[in-house]
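Coordinates as given in work-v9.txt (compact mmCIF, C-alpha atoms):
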# COMPACT_ATOMS: atom_id res chain seq x y z
CA MET R 56 10.58 -39.43 26.87
CA SER R 57 12.50 -36.30 27.82
CA PHE R 58 10.98 -33.45 29.83
CA LYS R 59 11.32 -31.17 26.80
CA MET R 60 9.31 -33.55 24.64
CA LEU R 61 6.62 -33.85 27.32
CA ILE R 62 6.30 -30.06 27.30
CA GLU R 63 6.15 -30.01 23.48
CA ARG R 64 3.39 -32.64 23.52
CA ALA R 65 1.36 -30.67 26.07
CA VAL R 66 1.77 -27.43 24.12
CA ASN R 67 0.79 -29.07 20.82
CA ALA R 68 -2.28 -30.57 22.48
CA SER R 69 -3.46 -27.05 23.27
CA TRP R 70 -2.40 -25.50 19.97
CA TYR R 71 -3.76 -28.24 17.73
CA GLY R 72 -6.04 -30.36 19.92
CA ARG R 73 -8.84 -30.11 22.44
CA SER R 74 -6.78 -28.97 25.42
CA LYS R 75 -6.95 -25.23 26.04
CA TRP R 76 -4.48 -24.62 28.85
CA THR R 77 -2.39 -22.16 26.80
CA TYR R 78 -5.48 -19.91 26.65
CA ALA R 79 -4.36 -18.74 30.08
CA PHE R 80 -1.92 -16.54 28.16
CA LEU R 81 -4.66 -14.72 26.21
CA PRO R 82 -4.12 -11.43 28.10
CA VAL R 83 -0.60 -11.12 26.65
CA GLU R 84 -1.57 -11.85 23.04
CA PRO R 85 -2.37 -8.19 22.17
CA LEU R 86 1.12 -7.22 23.37
CA ILE R 87 2.66 -9.92 21.17
CA LYS R 88 0.69 -8.72 18.15
CA ARG R 89 1.76 -5.13 18.79
CA HIS R 90 5.40 -6.21 18.90
CA ILE R 91 5.00 -8.20 15.67
CA LYS R 92 3.41 -5.22 13.91
CA LYS R 93 6.26 -2.97 15.00
CA ARG R 94 8.89 -5.39 13.70
CA SER R 95 7.11 -5.86 10.38
CA SER R 96 7.43 -2.14 9.66
CA ASP R 97 11.04 -2.89 8.66
CA HIS R 98 9.82 -4.87 5.63
CA HIS R 99 11.67 -3.72 2.49
CA THR R 100 12.83 -4.93 -0.91
CA PRO R 101 16.34 -4.85 -2.41
CA LYS R 102 17.11 -2.25 -5.07
CA THR R 103 20.01 -4.12 -6.65
CA GLY R 104 21.54 -7.58 -6.73
CA PRO R 105 19.97 -11.00 -7.03
CA VAL R 106 16.29 -11.75 -6.54
CA VAL R 107 15.76 -12.77 -2.91
CA ILE R 108 13.01 -15.32 -2.26
CA VAL R 109 12.00 -16.15 1.31
CA VAL R 110 10.51 -19.59 1.91
CA GLY R 111 8.93 -19.48 5.35
CA ASN R 112 5.85 -20.02 7.46
CA ILE R 113 3.82 -18.32 10.16
CA THR R 114 3.51 -21.37 12.41
CA VAL R 115 5.97 -22.98 14.79
CA GLY R 116 7.28 -26.37 13.68
CA GLY R 117 8.01 -28.13 10.43
CA THR R 118 6.01 -27.53 7.26
CA GLY R 119 8.23 -29.20 4.66
CA LYS R 120 10.29 -26.14 3.70
CA THR R 121 13.60 -27.96 3.25
CA PRO R 122 12.54 -30.46 0.55
CA LEU R 123 10.55 -27.65 -1.06
CA ILE R 124 13.68 -25.49 -1.28
CA LEU R 125 15.62 -28.35 -2.85
CA SER R 126 12.92 -28.78 -5.51
CA LEU R 127 12.77 -25.02 -6.11
CA CYS R 128 16.54 -24.97 -6.51
CA GLN R 129 16.41 -27.72 -9.14
CA SER R 130 13.52 -26.09 -11.01
CA LEU R 131 15.25 -22.71 -11.13
CA GLN R 132 18.53 -24.23 -12.26
CA ARG R 133 16.73 -25.95 -15.14
CA GLU R 134 15.52 -22.51 -16.21
CA GLY R 135 19.09 -21.22 -16.29
CA PHE R 136 19.18 -19.36 -12.98
CA SER R 137 22.27 -19.41 -10.77
CA VAL R 138 20.98 -20.16 -7.27
CA GLY R 139 22.38 -19.76 -3.76
CA ILE R 140 20.82 -20.51 -0.38
CA VAL R 141 20.98 -18.67 2.94
CA SER R 142 19.83 -19.86 6.34
CA ARG R 143 19.98 -18.87 9.96
CA GLY R 144 21.74 -22.17 10.69
CA TYR R 145 19.34 -23.09 13.47
CA GLY R 146 20.78 -25.65 15.89
CA GLY R 147 24.35 -24.65 15.10
CA ALA R 148 26.76 -22.12 16.56
CA SER R 149 29.92 -20.82 14.93
CA ASP R 150 32.64 -18.36 15.83
CA ASN R 151 32.93 -17.39 12.16
CA TYR R 152 29.78 -15.86 10.70
CA PRO R 153 28.88 -15.57 7.90
CA LEU R 154 29.73 -19.27 7.46
CA GLU R 155 29.74 -21.02 4.10
CA VAL R 156 28.61 -24.60 4.63
CA LEU R 157 30.98 -27.13 3.07
CA PRO R 158 30.86 -30.94 3.11
CA SER R 159 33.46 -30.82 5.88
CA THR R 160 31.48 -28.36 8.04
CA ASP R 161 30.23 -29.93 11.25
CA THR R 162 26.50 -29.68 11.95
CA SER R 163 27.34 -28.24 15.37
CA GLU R 164 28.42 -25.12 13.45
CA SER R 165 26.02 -25.05 10.50
CA GLY R 166 22.86 -26.62 11.89
CA ASP R 167 21.27 -29.73 10.43
CA GLU R 168 19.02 -28.24 7.75
CA ALA R 169 21.77 -26.06 6.29
CA LYS R 170 24.16 -29.02 6.14
CA MET R 171 21.48 -31.12 4.44
CA LEU R 172 20.86 -28.36 1.89
CA ALA R 173 24.59 -28.02 1.20
CA LEU R 174 25.06 -31.76 0.67
CA SER R 175 21.95 -32.25 -1.46
CA SER R 176 21.60 -29.07 -3.52
CA GLY R 177 25.07 -28.65 -5.01
CA VAL R 178 24.74 -24.86 -4.70
CA PRO R 179 26.51 -22.50 -2.26
CA VAL R 180 24.90 -22.30 1.19
CA VAL R 181 25.76 -19.56 3.70
CA VAL R 182 24.46 -19.35 7.27
CA ASP R 183 24.31 -16.42 9.66
CA PRO R 184 21.80 -15.55 12.40
CA GLN R 185 21.72 -12.16 10.66
CA ARG R 186 20.43 -13.40 7.32
CA ALA R 187 21.11 -10.10 5.58
CA GLN R 188 24.81 -10.65 6.26
CA ALA R 189 24.52 -14.17 4.83
CA VAL R 190 23.04 -12.72 1.63
CA THR R 191 25.87 -10.19 1.38
CA ALA R 192 28.56 -12.85 1.88
CA LEU R 193 26.91 -15.18 -0.64
CA CYS R 194 26.83 -12.46 -3.29
CA GLN R 195 30.42 -11.41 -2.62
CA ASN R 196 31.77 -14.91 -3.09
CA HIS R 197 29.45 -16.40 -5.72
CA ASP R 198 27.83 -15.22 -8.92
CA VAL R 199 24.15 -15.86 -8.15
CA ASP R 200 21.05 -14.25 -9.57
CA VAL R 201 18.51 -15.90 -7.21
CA VAL R 202 18.86 -16.33 -3.44
CA LEU R 203 16.56 -18.75 -1.61
CA SER R 204 16.21 -18.07 2.11
CA ASP R 205 15.40 -21.12 4.20
CA ASP R 206 12.89 -19.59 6.61
CA GLY R 207 13.23 -15.93 7.57
CA LEU R 208 9.71 -14.71 6.82
CA GLN R 209 9.78 -12.83 10.13
CA HIS R 210 13.42 -11.69 9.75
CA TYR R 211 12.48 -8.27 8.35
CA ALA R 212 16.04 -6.96 8.47
CA MET R 213 16.62 -9.09 5.38
CA ALA R 214 15.31 -7.39 2.26
CA ARG R 215 13.26 -9.66 0.01
CA ASP R 216 11.53 -9.55 -3.35
CA ILE R 217 9.23 -12.57 -3.17
CA GLU R 218 7.66 -14.31 -0.18
CA LEU R 219 6.49 -17.94 -0.22
CA LEU R 220 4.41 -18.98 2.78
CA VAL R 221 4.29 -22.73 3.46
CA VAL R 222 1.47 -24.41 5.39
CA ASP R 223 1.31 -28.00 6.61
CA SER R 224 -2.18 -29.00 5.49
CA SER R 225 -2.37 -31.76 8.12
CA ARG R 226 -1.97 -29.24 10.96
CA GLY R 227 -3.10 -25.96 9.44
CA PHE R 228 -3.00 -22.92 11.69
CA GLY R 229 -4.02 -24.73 14.86
CA ASN R 230 -6.24 -22.67 17.13
CA GLY R 231 -5.48 -19.52 15.11
CA HIS R 232 -3.81 -17.64 17.95
CA CYS R 233 -0.33 -16.13 18.18
CA LEU R 234 2.37 -17.39 20.50
CA PRO R 235 2.17 -18.44 23.28
CA VAL R 236 -1.59 -19.03 23.10
CA GLY R 237 -1.31 -20.72 19.71
CA PRO R 238 1.31 -21.72 17.13
CA LEU R 239 1.28 -18.54 15.03
CA ARG R 240 4.42 -16.44 14.70
CA GLU R 241 2.32 -13.74 13.03
CA PRO R 242 -1.45 -13.14 12.80
CA LEU R 243 -3.40 -14.75 9.95
CA ALA R 244 -3.66 -11.31 8.34
CA ARG R 245 -0.08 -11.98 7.13
CA LEU R 246 -1.63 -14.23 4.47
CA ASP R 247 -2.76 -11.08 2.65
CA SER R 248 0.74 -9.73 2.08
CA VAL R 249 2.75 -12.74 0.84
CA ASP R 250 3.23 -13.46 -2.86
CA PHE R 251 2.47 -17.18 -2.87
CA ILE R 252 0.88 -19.62 -0.42
CA LEU R 253 1.82 -23.28 -0.68
CA THR R 254 0.22 -26.11 1.25
CA ASN R 255 2.15 -29.28 1.97
CA GLY R 256 -0.56 -31.79 1.08
CA LYS R 257 -3.95 -31.35 -0.55
CA LYS R 258 -6.10 -31.40 2.57
CA SER R 259 -8.19 -28.25 2.85
CA VAL R 260 -6.94 -25.77 5.45
CA ASP R 261 -9.24 -23.59 7.54
CA GLY R 262 -8.35 -19.96 6.89
CA LEU R 263 -7.31 -20.38 3.27
CA ALA R 264 -10.73 -20.44 1.62
CA ASN R 265 -10.39 -16.84 0.43
CA HIS R 266 -6.69 -17.01 -0.42
CA PRO R 267 -5.44 -18.41 -3.73
CA HIS R 268 -2.86 -21.11 -3.06
CA PHE R 269 -1.03 -24.03 -4.59
CA SER R 270 -0.34 -27.42 -3.08
CA PHE R 271 2.70 -29.65 -3.29
CA GLU R 272 3.27 -33.22 -2.24
CA ILE R 273 6.32 -34.60 -0.46
CA SER R 274 6.78 -38.17 -1.56
CA PRO R 275 9.42 -40.82 -0.84
CA ALA R 276 11.98 -41.19 -3.61
CA TYR R 277 14.42 -43.89 -2.48
CA TRP R 278 16.51 -45.17 0.43
CA GLN R 279 20.16 -44.34 0.88
CA SER R 280 22.75 -45.74 3.26
CA VAL R 281 23.72 -43.09 5.80
CA GLY R 282 27.38 -43.71 5.04
CA GLU R 283 26.91 -42.73 1.39
CA LEU R 284 25.94 -39.23 2.50
CA PHE R 285 29.49 -38.56 3.63
CA LYS R 286 31.36 -39.86 0.58
CA PRO R 287 32.45 -36.97 -1.68
CA SER R 288 31.89 -38.99 -4.85
CA THR R 289 28.43 -40.27 -3.95
CA ASN R 290 25.62 -39.55 -6.40
CA LEU R 291 22.66 -38.69 -4.19
CA GLU R 292 20.33 -38.61 -7.18
CA SER R 293 19.66 -42.34 -6.80
CA GLY R 294 19.84 -45.06 -4.18
CA ILE R 295 18.01 -48.17 -2.97
CA ALA R 296 14.55 -48.62 -4.45
CA LEU R 297 11.74 -48.15 -1.95
CA ASP R 298 10.72 -51.82 -2.08
CA GLU R 299 14.30 -53.11 -1.87
CA LEU R 300 15.09 -52.04 1.68
CA PRO R 301 16.09 -55.20 3.61
CA ARG R 302 12.96 -56.47 5.37
CA ASP R 303 14.31 -59.41 7.34
CA GLN R 304 13.89 -57.64 10.71
CA SER R 305 12.18 -54.74 12.42
CA TYR R 306 13.83 -51.31 12.36
CA LEU R 307 14.22 -48.59 14.92
CA ALA R 308 12.84 -45.45 13.28
CA ILE R 309 14.12 -42.14 14.65
CA ALA R 310 12.98 -38.62 13.84
CA GLY R 311 14.19 -35.34 15.29
CA ILE R 312 12.08 -33.08 13.07
CA GLY R 313 9.23 -30.61 13.49
CA ASN R 314 6.49 -33.16 12.76
CA PRO R 315 7.88 -36.68 13.35
CA GLN R 316 4.47 -38.30 12.94
CA ARG R 317 4.51 -37.41 9.25
CA PHE R 318 7.71 -39.47 8.81
CA PHE R 319 6.33 -42.41 10.77
CA ALA R 320 3.14 -42.35 8.70
CA THR R 321 5.26 -42.50 5.55
CA LEU R 322 7.09 -45.57 6.87
CA LYS R 323 3.76 -47.29 7.50
CA SER R 324 2.67 -46.52 3.95
CA LEU R 325 5.88 -48.20 2.74
CA ASN R 326 5.13 -51.31 4.83
CA VAL R 327 8.29 -50.95 6.91
CA ALA R 328 8.17 -52.79 10.25
CA PHE R 329 9.50 -50.43 12.91
CA ASP R 330 9.35 -49.07 16.43
CA ALA R 331 9.27 -45.29 16.57
CA GLN R 332 11.44 -43.04 18.70
CA SER R 333 10.96 -39.28 18.50
CA PHE R 334 13.59 -36.71 19.41
CA PRO R 335 13.24 -32.92 19.73
CA ASP R 336 13.50 -30.94 16.50
CA HIS R 337 17.14 -30.23 15.56
CA TYR R 338 18.35 -32.74 18.17
CA ASN R 339 22.11 -33.30 18.04
CA TYR R 340 22.64 -37.05 18.19
CA THR R 341 25.58 -38.71 19.89
CA GLN R 342 26.78 -42.28 19.82
CA ALA R 343 25.45 -42.70 23.35
CA ASP R 344 21.88 -42.29 22.05
CA PHE R 345 22.23 -45.65 20.30
CA SER R 346 24.58 -47.52 22.64
CA SER R 347 21.91 -50.07 23.60
CA ASN R 348 20.41 -50.43 20.13
CA THR R 349 21.10 -53.64 18.21
CA ARG R 350 18.67 -53.13 15.33
CA PRO R 351 19.08 -51.43 11.96
CA LEU R 352 17.93 -47.81 11.84
CA VAL R 353 15.82 -45.76 9.45
CA MET R 354 15.66 -41.98 9.68
CA THR R 355 15.12 -38.77 7.77
CA GLU R 356 17.91 -37.11 5.80
CA LYS R 357 17.89 -34.28 8.33
CA ASP R 358 18.70 -36.84 11.04
CA ALA R 359 21.32 -38.59 8.92
CA VAL R 360 23.54 -35.52 8.45
CA LYS R 361 24.19 -35.55 12.22
CA CYS R 362 25.38 -39.17 12.34
CA GLY R 363 28.56 -38.83 10.29
CA SER R 364 31.00 -39.90 13.00
CA PHE R 365 29.22 -42.97 14.35
CA PHE R 366 26.83 -44.40 11.72
CA GLN R 367 26.57 -48.16 11.17
CA SER R 368 26.39 -50.01 7.85
CA ASP R 369 22.72 -50.91 8.41
CA TRP R 370 21.52 -47.36 8.97
CA TYR R 371 19.42 -45.84 6.18
CA PHE R 372 17.71 -42.53 5.49
CA LEU R 373 14.68 -41.89 3.33
CA LYS R 374 15.26 -39.47 0.49
CA VAL R 375 12.11 -37.48 -0.29
CA LYS R 376 11.14 -35.07 -3.03
CA ALA R 377 8.66 -32.22 -3.25
CA ASP R 378 6.46 -32.40 -6.35
CA LEU R 379 5.59 -28.84 -7.35
CA ASP R 380 2.51 -27.64 -9.19
CA PRO R 381 3.70 -26.70 -12.73
CA GLU R 382 1.47 -23.62 -12.72
CA PHE R 383 3.07 -22.39 -9.50
CA THR R 384 6.56 -22.91 -10.97
CA LYS R 385 5.56 -21.00 -14.08
CA GLN R 386 4.16 -18.07 -12.10
CA LEU R 387 7.20 -17.95 -9.81
CA ILE R 388 9.63 -17.86 -12.74
CA ASN R 389 7.61 -15.09 -14.38
CA ARG R 390 7.70 -13.13 -11.13
CA ILE R 391 11.48 -13.54 -10.87
CA ARG R 392 11.99 -12.31 -14.42
CA THR R 393 9.71 -9.35 -13.77
CA VAL R 394 11.83 -8.37 -10.76
CA GLN R 395 14.99 -8.75 -12.82
CA CYS R 396 13.60 -6.48 -15.52
CA THR R 397 12.75 -3.90 -12.88
CA ARG R 398 16.35 -4.02 -11.63
CA ILE R 399 17.66 -3.37 -15.17
CA GLU R 400 15.27 -0.44 -15.71
CA GLU R 401 16.37 1.19 -12.45
Could you rewrite the structure in this file as structure tokens?
Amino acid sequence: MSFKMLIERAVNASWYGRSKWTYAFLPVEPLIKRHIKKRSSDHHTPKTGPVVIVVGNITVGGTGKTPLILSLCQSLQREGFSVGIVSRGYGGASDNYPLEVLPSTDTSESGDEAKMLALSSGVPVVVDPQRAQAVTALCQNHDVDVVLSDDGLQHYAMARDIELLVVDSSRGFGNGHCLPVGPLREPLARLDSVDFILTNGKKSVDGLANHPHFSFEISPAYWQSVGELFKPSTNLESGIALDELPRDQSYLAIAGIGNPQRFFATLKSLNVAFDAQSFPDHYNYTQADFSSNTRPLVMTEKDAVKCGSFFQSDWYFLKVKADLDPEFTKQLINRIRTVQCTRIEE
């Protein structure tokens, strides 16, 4: 286990467990909150253009935003909306921002989540650390009426119309403190100002009792060979049935995501025999990481997009889907249309 992962484990133990060593930073928390409040004063909404929807969270780590965005994209397209996606492109670095993410774009430039969204959504995806510039570039080059921002809840320089806050119900808000004492990017009072709160999973979350919210479930859909991800003609809408994955030997399961234990728990529920190996979130794999491995691999789609130059024929990724509450989808669409009508009236 790397030093970075040891640090992450120790921090998570204090944020989400019984350890309290990060409480040593309590004296600086008021300063952090003051800084957050100052930044949030830049919050504003667009006056023209497409409806901008931010899908973000107030905690550090994964909450299931990426599969949620893919499901939102599909739902909105079915309703006739033309959708585009913007992202910071975390984990990537490019000399050419704003950067439109194409199938040929390397993840070292785009970041893993943006590349995954571009390959799976079929809609234009633009990345830029300055998300407002990504929105501008997207609108200049594509005729879209809804923009989904992958994360960016705290990026107040980007104007937005609708905010969706996503919570991992298995982890909640941890100890309820802001960084570095706890996992919160913003105080829990932020729950009062967002438009919708969505929990990944149906487990009750401390702190949400007085806040209306919807839940969604991320469920496994099918397996896909990693190699299929990089074929231009591949239909990623179907693959290997969940119970048809070859089971003649044990797999090495890898996960470089915000909450790898969620993926490993899913594998157990599918009765896959495996040994787990976690990597830091957004880890950039190289062939050397697997030089001593002789077993077939299973991984997340986010991991798979970074294995394009060295994958083996017996490497598979698990395609997942986010099942949305129909009432939430209905309310979101109504909100979008209300914003559009406001734009026309102005």
| note | In terms of all atoms listed in the file, the residue from R:Asp336, R:Glu218, R:Asp303, R:Asp330 at minimal distance from Leu246 (chain R) is R:Glu218
| said: List as a list in words the residues having at least one atom at most 7 Å from position (6.3, -36.7, 0.8) as given in the file, counting all atoms listed in the file. | reply: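 The answer, in the requested form, is Glu272, Ile273, Ser274, Pro275, Val375, Lys376 and Ala377 of chain R.
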| request: Just the residues within 12 Å of Gln332 (chain R), please, counting only C-alpha atoms, with nothing from its chain fewer than 2 positions along; format it as an MDAnalysis selection string. | output: chainID R and resid 56:57 60 306:312 315:316 318:319 329:330 334:335 344:345 348 352:354
| query | Got a sec: who's within 9 Å of region 211-216 of chain R, counting all atoms listed in the file, leaving out chain neighbours fewer than 2 positions off, as a list in words? | reply |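 So the residues in contact are Arg94, Ser95, Ser96, Asp97, His98, His99, Thr100, Pro101, Val106, Val107, Ile108, Val109, Gln185, Arg186, Ala187, Gln188, Val190, Gly207, Leu208, Gln209, Glu218, Ile391 and Val394 of chain R.
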File of the preceding selection, C-alpha atoms, as a compact mmCIF listing (two decimals), in the frame of the given file:
# COMPACT_ATOMS: atom_id res chain seq x y z
CA ARG R 94 8.89 -5.39 13.70
CA SER R 95 7.11 -5.86 10.38
CA SER R 96 7.43 -2.14 9.66
CA ASP R 97 11.04 -2.89 8.66
CA HIS R 98 9.82 -4.87 5.63
CA HIS R 99 11.67 -3.72 2.49
CA THR R 100 12.83 -4.93 -0.91
CA PRO R 101 16.34 -4.85 -2.41
CA VAL R 106 16.29 -11.75 -6.54
CA VAL R 107 15.76 -12.77 -2.91
CA ILE R 108 13.01 -15.32 -2.26
CA VAL R 109 12.00 -16.15 1.31
CA GLN R 185 21.72 -12.16 10.66
CA ARG R 186 20.43 -13.40 7.32
CA ALA R 187 21.11 -10.10 5.58
CA GLN R 188 24.81 -10.65 6.26
CA VAL R 190 23.04 -12.72 1.63
CA GLY R 207 13.23 -15.93 7.57
CA LEU R 208 9.71 -14.71 6.82
CA GLN R 209 9.78 -12.83 10.13
CA GLU R 218 7.66 -14.31 -0.18
CA ILE R 391 11.48 -13.54 -10.87
CA VAL R 394 11.83 -8.37 -10.76
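Nearest residue to His266 (chain R) among R:Arg245, R:Arg143, R:Lys286, R:Lys75 is R:Arg245, counting all atoms listed in the file.
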| query | Got a sec to check which residues sit within 10 Å of (27.0, -38.1, 12.5), counting all atoms listed in the file, and write them as a list in words? | reply |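 The distance filter leaves exactly Asp161, Thr162, Val281, Gly282, Phe285, Asn339, Tyr340, Thr341, Gln342, Asp358, Ala359, Val360, Lys361, Cys362, Gly363, Ser364, Phe365 and Phe366 of chain R.
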| Neighbour list for Val181 (chain R) as a VMD selection string, cut-off 6 Å, all atoms listed in the file, skip fewer than 6 positions in-chain | chain R and resid 141 154 to 156 189
| task | Would you work out the distance separating CA of Val178 (chain R) from CA of Lys374 (chain R), expressed in Å to one decimal? | result | 18.2 Å
| One-decimal distance in Å that lies between CA of Lys258 (chain R) and CA of Leu300 (chain R) | 29.6 Å
Region 104-121 of chain R: axis-aligned bounding box, 5 Å on each side, centre and edge lengths in Å, one decimal, as lines of an AutoDock Vina configuration file:
center_x = 12.5
center_y = -18.4
center_z = 3.9
size_x = 28.0
size_y = 31.6
size_z = 31.8
